[in-house]
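Below is the file work18.csv, which contains CSV, C-alpha atoms.
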chain,number,residue,atom,x,y,z
A,38,MET,CA,57.6,62.9,81.3
A,39,LEU,CA,58.0,64.7,78.0
A,40,PHE,CA,58.6,68.0,79.7
A,41,SER,CA,61.3,66.4,81.8
A,42,ILE,CA,63.0,65.0,78.7
A,43,ASN,CA,62.8,68.4,77.0
A,44,GLU,CA,64.2,70.1,80.1
A,45,THR,CA,67.1,67.6,80.3
A,46,MET,CA,67.9,68.2,76.7
A,47,GLY,CA,67.9,71.9,77.3
A,48,GLN,CA,70.4,71.4,80.2
A,49,TYR,CA,72.7,69.3,78.0
A,50,SER,CA,72.5,72.0,75.3
A,51,GLU,CA,73.7,74.6,77.8
A,52,LEU,CA,76.5,72.4,79.0
A,53,PHE,CA,77.6,71.8,75.4
A,54,MET,CA,77.5,75.5,74.7
A,55,LEU,CA,79.7,76.2,77.7
A,56,LEU,CA,82.2,73.5,76.6
A,57,ALA,CA,82.2,74.9,73.1
A,58,ALA,CA,82.9,78.4,74.4
A,59,GLY,CA,85.8,77.1,76.5
A,60,THR,CA,87.3,75.2,73.5
A,61,TYR,CA,86.9,78.3,71.3
A,62,THR,CA,88.7,80.3,73.9
A,63,VAL,CA,91.7,78.0,73.8
A,64,ALA,CA,91.6,78.0,70.0
A,65,PHE,CA,91.5,81.9,70.0
A,66,ILE,CA,94.6,81.9,72.2
A,67,ALA,CA,96.3,79.4,69.8
A,68,PHE,CA,95.5,81.6,66.8
A,69,ALA,CA,96.8,84.7,68.6
A,70,TRP,CA,99.9,82.8,69.7
A,71,ASP,CA,100.5,81.8,66.0
A,72,LEU,CA,100.4,85.4,64.9
A,73,ALA,CA,102.7,86.5,67.8
A,74,LYS,CA,105.2,83.7,67.3
A,75,SER,CA,105.3,84.0,63.5
A,76,SER,CA,105.9,87.7,63.9
A,77,LYS,CA,108.9,87.1,66.0
A,78,VAL,CA,110.3,84.5,63.7
A,79,LEU,CA,109.9,86.8,60.7
A,80,ARG,CA,111.5,89.6,62.5
A,81,ALA,CA,114.5,87.4,63.3
A,82,VAL,CA,114.7,86.3,59.7
A,83,ASP,CA,114.7,89.9,58.6
A,84,LEU,CA,117.6,90.8,60.9
A,85,LYS,CA,119.6,87.8,59.6
A,86,ALA,CA,118.8,88.8,56.0
A,87,ALA,CA,119.9,92.4,56.7
A,88,GLU,CA,123.1,91.1,58.3
A,89,LEU,CA,123.9,88.9,55.3
A,90,SER,CA,123.1,91.7,52.9
A,91,GLY,CA,125.4,94.1,54.8
A,92,GLN,CA,128.2,91.6,54.6
A,93,ALA,CA,127.7,91.2,50.9
A,94,ASN,CA,127.7,94.9,50.4
A,95,ALA,CA,130.9,95.4,52.4
A,96,ALA,CA,132.6,92.7,50.4
A,97,ALA,CA,131.5,94.3,47.1
A,98,ARG,CA,133.2,97.5,48.1
A,99,VAL,CA,136.7,95.8,48.5
A,100,PRO,CA,139.1,97.1,45.8
A,101,VAL,CA,139.6,94.8,42.8
A,102,GLY,CA,143.4,95.1,43.1
A,103,VAL,CA,143.4,93.0,46.2
A,104,GLY,CA,143.2,90.0,43.9
A,105,ALA,CA,143.7,86.7,45.5
A,106,GLY,CA,144.3,88.1,48.9
A,107,SER,CA,142.3,87.3,52.0
A,108,ALA,CA,139.8,90.1,51.3
A,109,GLY,CA,139.1,88.6,47.9
A,110,ARG,CA,138.6,85.2,49.4
A,111,GLY,CA,136.3,86.8,52.0
A,112,ALA,CA,134.3,88.3,49.2
A,113,ASP,CA,134.0,85.0,47.5
A,114,ARG,CA,132.9,83.4,50.7
A,115,SER,CA,130.3,86.1,51.3
A,116,ASP,CA,128.9,85.7,47.8
A,117,ALA,CA,128.8,81.9,48.3
A,118,ASP,CA,126.9,82.4,51.6
A,119,VAL,CA,124.3,84.6,50.0
A,120,SER,CA,123.8,82.2,47.1
A,121,GLY,CA,123.8,79.1,49.2
A,122,PRO,CA,120.7,77.4,50.8
A,123,ALA,CA,120.4,79.9,53.6
A,124,GLY,CA,120.7,82.8,51.2
A,125,ARG,CA,118.0,81.4,49.0
A,126,ALA,CA,115.7,81.0,52.0
A,127,GLU,CA,116.3,84.5,53.2
A,128,ARG,CA,116.3,86.4,49.9
A,129,PRO,CA,112.5,86.8,49.5
A,130,THR,CA,112.2,88.1,53.0
A,131,SER,CA,115.1,90.4,52.5
A,132,ALA,CA,113.6,91.8,49.3
A,133,ALA,CA,110.3,92.2,51.1
A,134,ALA,CA,111.9,94.1,53.9
A,135,GLY,CA,113.4,96.6,51.6
A,136,GLY,CA,110.6,97.6,49.4
A,137,ALA,CA,107.1,99.0,49.6
A,138,GLY,CA,105.2,96.2,48.2
A,139,ALA,CA,107.3,95.0,50.5
A,140,ALA,CA,107.2,93.2,53.7
A,141,GLN,CA,104.7,90.6,52.6
A,142,THR,CA,105.1,86.9,53.0
A,143,ALA,CA,101.5,85.7,52.7
A,144,ASP,CA,100.4,84.2,49.4
A,145,GLY,CA,98.1,86.7,47.6
A,146,SER,CA,96.0,83.8,46.3
A,147,MET,CA,95.6,82.6,49.9
A,148,ARG,CA,96.7,79.1,48.9
A,149,TYR,CA,98.4,76.9,51.5
A,150,GLY,CA,102.2,77.0,51.4
A,151,GLY,CA,104.8,74.5,52.4
A,152,GLU,CA,105.4,75.9,55.9
A,153,ARG,CA,104.5,74.0,59.0
A,154,ARG,CA,103.1,76.3,61.6
A,155,ALA,CA,102.3,74.2,64.7
A,156,PRO,CA,100.3,76.8,66.6
A,157,ALA,CA,98.0,77.4,63.6
A,158,ARG,CA,97.4,73.7,63.0
A,159,VAL,CA,96.6,73.3,66.7
A,160,ALA,CA,94.3,76.2,66.6
A,161,VAL,CA,92.4,74.8,63.6
A,162,ALA,CA,92.2,71.4,65.3
A,163,LEU,CA,90.7,73.0,68.4
A,164,THR,CA,88.3,75.0,66.3
A,165,VAL,CA,87.1,71.7,64.7
A,166,LEU,CA,86.6,70.2,68.2
A,167,GLY,CA,84.8,73.3,69.4
A,168,ALA,CA,82.5,73.2,66.3
A,169,ALA,CA,81.7,69.5,67.0
A,170,ILE,CA,80.8,70.3,70.6
A,171,HIS,CA,78.9,73.4,69.5
A,172,ALA,CA,76.9,71.3,66.9
A,173,ALA,CA,75.9,68.9,69.8
A,174,GLY,CA,74.6,71.9,71.7
A,175,VAL,CA,72.5,73.1,68.8
A,176,ILE,CA,71.1,69.6,68.1
A,177,THR,CA,70.2,68.9,71.7
A,178,ARG,CA,68.5,72.3,71.9
A,179,ALA,CA,66.5,71.4,68.8
A,180,LEU,CA,65.6,68.0,70.3
A,181,GLY,CA,64.6,69.6,73.6
A,182,ALA,CA,62.4,72.2,71.8
A,183,GLY,CA,61.0,69.7,69.3
A,184,ARG,CA,61.7,72.1,66.4
A,185,VAL,CA,64.5,74.0,64.7
A,186,PRO,CA,66.4,76.1,67.2
A,187,TRP,CA,65.8,79.5,65.7
A,188,GLY,CA,62.8,80.8,67.7
A,189,ASN,CA,64.5,83.5,69.8
A,190,MET,CA,67.6,85.6,70.2
A,191,TYR,CA,69.4,83.0,72.3
A,192,GLU,CA,68.8,80.3,69.7
A,193,PHE,CA,69.7,82.6,66.8
A,194,LEU,CA,72.9,83.7,68.4
A,195,THR,CA,74.1,80.2,69.3
A,196,THR,CA,73.1,78.8,65.9
A,197,GLY,CA,74.6,81.9,64.1
A,198,ALA,CA,77.9,81.5,65.9
A,199,PHE,CA,78.0,77.8,64.9
A,200,VAL,CA,77.3,78.6,61.3
A,201,ALA,CA,80.0,81.3,61.2
A,202,VAL,CA,82.6,78.9,62.5
A,203,ALA,CA,81.4,76.1,60.2
A,204,VAL,CA,81.7,78.4,57.2
A,205,PHE,CA,85.1,79.5,58.3
A,206,LEU,CA,86.3,75.9,58.5
A,207,LEU,CA,84.7,75.0,55.2
A,208,VAL,CA,86.5,77.9,53.4
A,209,LEU,CA,89.8,76.7,55.1
A,210,ILE,CA,89.7,73.6,53.0
A,211,ARG,CA,90.4,75.6,49.9
A,212,ARG,CA,91.9,78.8,51.2
A,213,ASP,CA,94.5,79.5,53.9
A,214,LEU,CA,92.4,82.0,56.0
A,215,ARG,CA,94.0,81.0,59.3
A,216,PHE,CA,94.9,84.7,59.7
A,217,LEU,CA,91.1,85.3,60.2
A,218,GLY,CA,91.0,82.8,63.1
A,219,THR,CA,91.3,85.4,65.9
A,220,PHE,CA,88.5,87.5,64.4
A,221,VAL,CA,86.0,84.7,63.6
A,222,ILE,CA,86.6,82.7,66.8
A,223,GLY,CA,86.6,85.9,68.8
A,224,LEU,CA,83.2,86.9,67.4
A,225,ALA,CA,81.9,83.4,68.0
A,226,ILE,CA,82.9,83.6,71.7
A,227,ILE,CA,81.2,87.0,72.0
A,228,MET,CA,78.0,85.6,70.5
A,229,LEU,CA,78.0,82.6,72.8
A,230,VAL,CA,78.7,84.8,75.9
A,231,ALA,CA,76.0,87.3,74.9
A,232,ALA,CA,73.5,84.5,74.3
A,233,SER,CA,74.1,83.0,77.7
A,234,VAL,CA,74.3,86.2,79.7
A,235,ALA,CA,71.9,88.7,78.0
A,236,PHE,CA,69.6,86.6,75.9
A,237,TRP,CA,69.2,83.3,77.7
A,238,THR,CA,65.7,81.8,77.1
A,239,PRO,CA,64.4,78.4,78.4
A,240,VAL,CA,63.3,75.7,76.0
A,241,GLY,CA,59.7,76.5,75.0
A,242,HIS,CA,57.2,76.4,72.2
A,243,LEU,CA,57.0,78.9,69.4
A,244,VAL,CA,54.4,81.6,69.1
A,245,PRO,CA,51.8,80.9,66.4
A,246,ALA,CA,53.4,83.4,63.9
A,247,LEU,CA,56.6,81.3,63.9
A,248,GLN,CA,54.9,77.9,63.6
A,249,SER,CA,55.5,77.7,59.8
A,250,TYR,CA,57.9,75.9,57.4
A,251,TRP,CA,58.9,79.4,56.3
A,252,LEU,CA,60.9,79.7,59.6
A,253,ILE,CA,63.3,77.0,58.3
A,254,ILE,CA,63.6,78.6,54.9
A,255,HIS,CA,63.8,82.3,55.9
A,256,VAL,CA,66.0,82.0,59.0
A,257,SER,CA,68.4,79.4,57.6
A,258,ILE,CA,69.3,81.6,54.7
A,259,ALA,CA,69.5,84.7,57.0
A,260,VAL,CA,71.9,82.8,59.3
A,261,LEU,CA,74.1,81.6,56.4
A,262,SER,CA,74.2,85.1,54.8
A,263,SER,CA,75.1,86.6,58.2
A,264,ALA,CA,77.9,84.1,58.6
A,265,LEU,CA,79.4,85.1,55.2
A,266,PHE,CA,79.0,88.8,56.1
A,267,THR,CA,81.0,88.0,59.3
A,268,LEU,CA,83.9,86.7,57.2
A,269,THR,CA,83.9,89.7,54.9
A,270,PHE,CA,83.7,92.1,58.0
A,271,ALA,CA,86.9,90.5,59.3
A,272,MET,CA,88.6,90.7,56.0
A,273,SER,CA,87.6,94.3,55.5
A,274,ALA,CA,88.9,95.3,58.9
A,275,LEU,CA,92.2,93.6,58.1
A,276,GLN,CA,92.3,95.3,54.7
A,277,LEU,CA,92.2,98.7,56.4
A,278,VAL,CA,95.1,97.7,58.7
A,279,GLN,CA,97.1,96.2,55.9
A,280,SER,CA,96.5,99.2,53.6
A,281,HIS,CA,97.7,101.6,56.3
A,282,ARG,CA,100.8,99.4,56.9
A,283,GLN,CA,101.7,99.2,53.2
A,284,LYS,CA,101.4,103.0,52.9
A,285,THR,CA,103.7,103.4,56.0
A,286,ILE,CA,106.3,101.1,54.6
A,287,ALA,CA,106.1,102.8,51.1
A,288,ALA,CA,106.8,106.1,52.8
A,289,GLY,CA,109.9,104.7,54.4
A,290,GLY,CA,108.3,104.2,57.9
A,291,ALA,CA,109.0,101.4,60.2
A,292,ASP,CA,107.0,98.2,60.0
A,293,LYS,CA,105.4,98.1,63.5
A,294,LEU,CA,102.9,95.4,62.6
A,295,GLY,CA,105.1,92.4,61.7
A,296,PHE,CA,102.3,89.9,62.3
A,297,MET,CA,100.4,91.4,59.3
A,298,ARG,CA,103.0,89.8,57.0
A,299,LEU,CA,101.0,86.6,57.6
A,300,VAL,CA,98.0,88.4,56.1
A,301,PRO,CA,97.7,88.8,52.3
A,302,ASN,CA,98.0,92.3,50.8
A,303,ALA,CA,95.1,94.7,50.9
A,304,LEU,CA,94.1,94.1,47.3
A,305,SER,CA,93.9,90.3,47.7
A,306,LEU,CA,91.7,90.8,50.8
A,307,GLU,CA,89.5,93.2,49.0
A,308,ASN,CA,89.0,91.0,46.0
A,309,LEU,CA,88.0,87.9,48.1
A,310,SER,CA,85.8,90.0,50.3
A,311,TYR,CA,84.0,91.4,47.3
A,312,ARG,CA,83.3,87.9,45.9
A,313,ILE,CA,82.0,86.5,49.2
A,314,ASN,CA,79.9,89.7,49.7
A,315,ALA,CA,78.3,89.1,46.3
A,316,ILE,CA,77.3,85.5,47.3
A,317,ALA,CA,76.0,86.7,50.7
A,318,PHE,CA,74.0,89.5,49.0
A,319,VAL,CA,72.2,86.9,46.9
A,320,GLY,CA,71.3,85.0,50.1
A,321,TRP,CA,70.2,88.2,51.8
A,322,THR,CA,68.0,89.0,48.8
A,323,PHE,CA,66.2,85.7,49.3
A,324,THR,CA,66.0,86.4,53.0
A,325,LEU,CA,64.1,89.6,52.2
A,326,MET,CA,61.9,87.9,49.6
A,327,PHE,CA,61.0,84.9,51.7
A,328,GLY,CA,60.4,87.1,54.7
A,329,ALA,CA,57.8,89.1,52.7
A,330,ILE,CA,56.1,85.9,51.6
A,331,TRP,CA,56.0,84.6,55.2
A,332,ALA,CA,54.6,87.9,56.4
A,333,GLU,CA,51.8,87.6,53.9
A,334,LYS,CA,51.0,84.1,55.2
A,335,ALA,CA,51.2,85.2,58.8
A,336,TRP,CA,49.7,88.7,58.8
A,337,GLY,CA,48.0,89.1,55.5
A,338,ARG,CA,50.4,91.6,53.9
A,339,PHE,CA,53.8,91.5,52.3
A,340,TRP,CA,55.2,94.7,53.7
A,341,GLY,CA,54.1,96.7,56.8
A,342,TRP,CA,57.0,99.0,57.6
A,343,ASP,CA,57.8,97.0,60.8
A,344,THR,CA,61.1,98.0,62.3
A,345,LYS,CA,62.6,94.6,61.6
A,346,GLU,CA,61.5,94.7,58.0
A,347,VAL,CA,62.8,98.2,57.5
A,348,TRP,CA,66.3,97.3,58.8
A,349,THR,CA,66.4,94.1,56.8
A,350,PHE,CA,65.8,96.3,53.7
A,351,VAL,CA,68.4,98.9,54.9
A,352,ILE,CA,71.0,96.1,55.1
A,353,TRP,CA,70.1,95.0,51.5
A,354,VAL,CA,70.4,98.6,50.3
A,355,VAL,CA,73.9,99.1,51.9
A,356,TYR,CA,75.3,95.9,50.4
A,357,ALA,CA,73.7,96.6,47.1
A,358,GLY,CA,75.3,100.0,47.2
A,359,TYR,CA,78.7,98.4,48.1
A,360,LEU,CA,78.5,96.0,45.2
A,361,HIS,CA,77.4,98.6,42.7
A,362,ALA,CA,79.9,101.3,43.8
A,363,ARG,CA,82.8,98.9,43.6
A,364,ALA,CA,81.8,97.3,40.3
A,365,THR,CA,80.8,100.5,38.4
A,366,ARG,CA,81.9,103.6,40.3
A,367,GLY,CA,85.5,102.7,41.1
A,368,TRP,CA,85.0,102.5,44.9
A,369,THR,CA,87.9,100.4,45.7
A,370,GLY,CA,90.4,100.3,48.5
A,371,THR,CA,89.6,101.7,51.9
A,372,ARG,CA,86.2,103.2,50.8
A,373,ALA,CA,85.0,99.8,49.8
A,374,ALA,CA,86.2,98.3,53.0
A,375,TRP,CA,84.5,100.9,55.1
A,376,LEU,CA,81.2,100.4,53.2
A,377,SER,CA,81.4,96.6,53.9
A,378,ILE,CA,82.0,97.3,57.6
A,379,VAL,CA,79.0,99.6,57.7
A,380,GLY,CA,76.9,96.9,56.2
A,381,TYR,CA,77.9,94.4,58.9
A,382,LEU,CA,77.3,96.9,61.6
A,383,CYS,CA,73.8,97.3,60.2
A,384,VAL,CA,73.4,93.5,60.5
A,385,VAL,CA,74.6,93.5,64.1
A,386,PHE,CA,72.2,96.5,64.9
A,387,ASN,CA,69.3,94.6,63.3
A,388,PHE,CA,69.8,91.4,65.3
A,389,THR,CA,70.5,93.1,68.6
A,390,ILE,CA,69.3,96.6,69.1
A,391,VAL,CA,66.2,96.3,66.9
A,392,ASN,CA,65.1,93.0,68.6
A,393,GLN,CA,65.7,94.4,72.1
A,394,PHE,CA,64.6,98.0,72.1
A,395,PHE,CA,62.1,98.4,69.2
A,396,ASN,CA,58.5,97.2,69.5
A,397,GLY,CA,56.9,95.5,66.5
A,398,LEU,CA,55.5,92.4,65.1
A,399,HIS,CA,59.0,90.8,65.4
A,400,SER,CA,59.2,91.4,69.2
A,401,TYR,CA,58.7,87.8,70.1
A,402,SER,CA,62.4,87.0,70.3
A,403,GLY,CA,62.3,85.8,73.9
A,404,LEU,CA,63.7,88.9,75.4
Take the structure in this file and express it as structure tokens.
Amino acid sequence: MLFSINETMGQYSELFMLLAAGTYTVAFIAFAWDLAKSSKVLRAVDLKAAELSGQANAAARVPVGVGAGSAGRGADRSDADVSGPAGRAERPTSAAAGGAGAAQTADGSMRYGGERRAPARVAVALTVLGAAIHAAGVITRALGAGRVPWGNMYEFLTTGAFVAVAVFLLVLIRRDLRFLGTFVIGLAIIMLVAASVAFWTPVGHLVPALQSYWLIIHVSIAVLSSALFTLTFAMSALQLVQSHRQKTIAAGGADKLGFMRLVPNALSLENLSYRINAIAFVGWTFTLMFGAIWAEKAWGRFWGWDTKEVWTFVIWVVYAGYLHARATRGWTGTRAAWLSIVGYLCVVFNFTIVNQFFNGLHSYSGL
């Protein structure tokens, strides 16, 4: 009877995961639609601003001797148009389109503006719905297993995807990071698909080494830190694109990435990424420490050069180097972004390749 209930809960969990993946897919499309639609709107605004600017310049070149003639009246009308409500609305964009620091409309502080972007609001609403369904999937998996759902790669990926989306939504309360939606939701979809296709594991009991309260402490902090690293990875990738775009515009090149105007400038992305990485690094430090304590409880030693232990330490070293280099050695800009990306790639390698292809004491992940 109990086995039947557990199996049913497991089936409900898989159904919820499937529904969550579908909802996230629609949210991903909405976020992408928002970027594409806003890019077209901004491009149209730029063309209008350029047209108004051209009219104003042409009027300014009319000889003063014309006096009260029709040309003079035309000049007055042109000036009035530029200084009117439409002119005031277009002027920031026109100024942005002309300079290097330039074609940027996003707020560098990443605070919410007064604009009403329907696709972005729909995308966020769908993400909230997907997260609620996803949470139901994680909870039913836990009820079916009779424990926290962190005992194998399938459970870690599904829970990790949920935490990444939840952290993204929580940060959205204070900061306008909707431009990260395609990245974060895209990664969540990849994690759910990988969990279902490559790492699916039926509901079951934990091996003895995992039957400890340290599982809750160690893995929960690891999942939360990984979710924060996911956000900084997305911001670092966008920082590289934005930096290249800003240099192209400064050199007089054409702006071929209009949608990036919805993204803050490279420096703002770098500063926020650095602060979040600092918080995640503290969490990863506790992950390493608590893992060592758990290893002593389970195997009688704090450190045994197991592959998983080594790569957890490698990740710690990479992010420690990133924080140190940026704070004291002047590693800013693209170098800092690349180092942050390398750190996240190490995280991905640790939780996929190491678990799947390297034998060790941590090879009980259900693969």
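A search radius of 6 Å centred on (59.8, 72.3, 75.9), applied to all atoms listed in the file, returns the residues A:Phe40, A:Asn43, A:Gly181, A:Ala182, A:Val240, A:Gly241.
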To one decimal place, how far is atom CA of Gly337 of chain A from atom CA of Gly188 of chain A in Å?
->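 Rounded to one decimal, the two atoms are 20.9 Å apart.
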Neighbours of Phe193 of chain A within 12 Å (only C-alpha atoms; same-chain residues fewer than 3 positions away dropped), as a PyMOL selection string?
-> chain A and resi 175+178-179+185-190+196-201+228-229+231-233+236-238+252+256-257+259-261+263-264+388-389+392+402-403
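Note that the spacing between atom CA of Ala160 of chain A and atom CA of Pro301 of chain A amounts to 19.4 Å.
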With distances taken over all atoms listed in the file, which of A:Val234, A:Leu294, A:Ala73, A:Met147 is nearest to Ile210 of chain A?
->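 Looking only at the distances to Ile210 of chain A, the closest residue turns out to be A:Met147.
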Write out as a VMD selection string which residues come within 12 Å of Ala225 of chain A when counting all atoms listed in the file, dropping same-chain ones fewer than 5 positions away.
-> chain A and resid 54 57 to 62 64 to 65 164 167 to 168 171 194 to 205 218 to 220 230 to 232 264 267 to 268
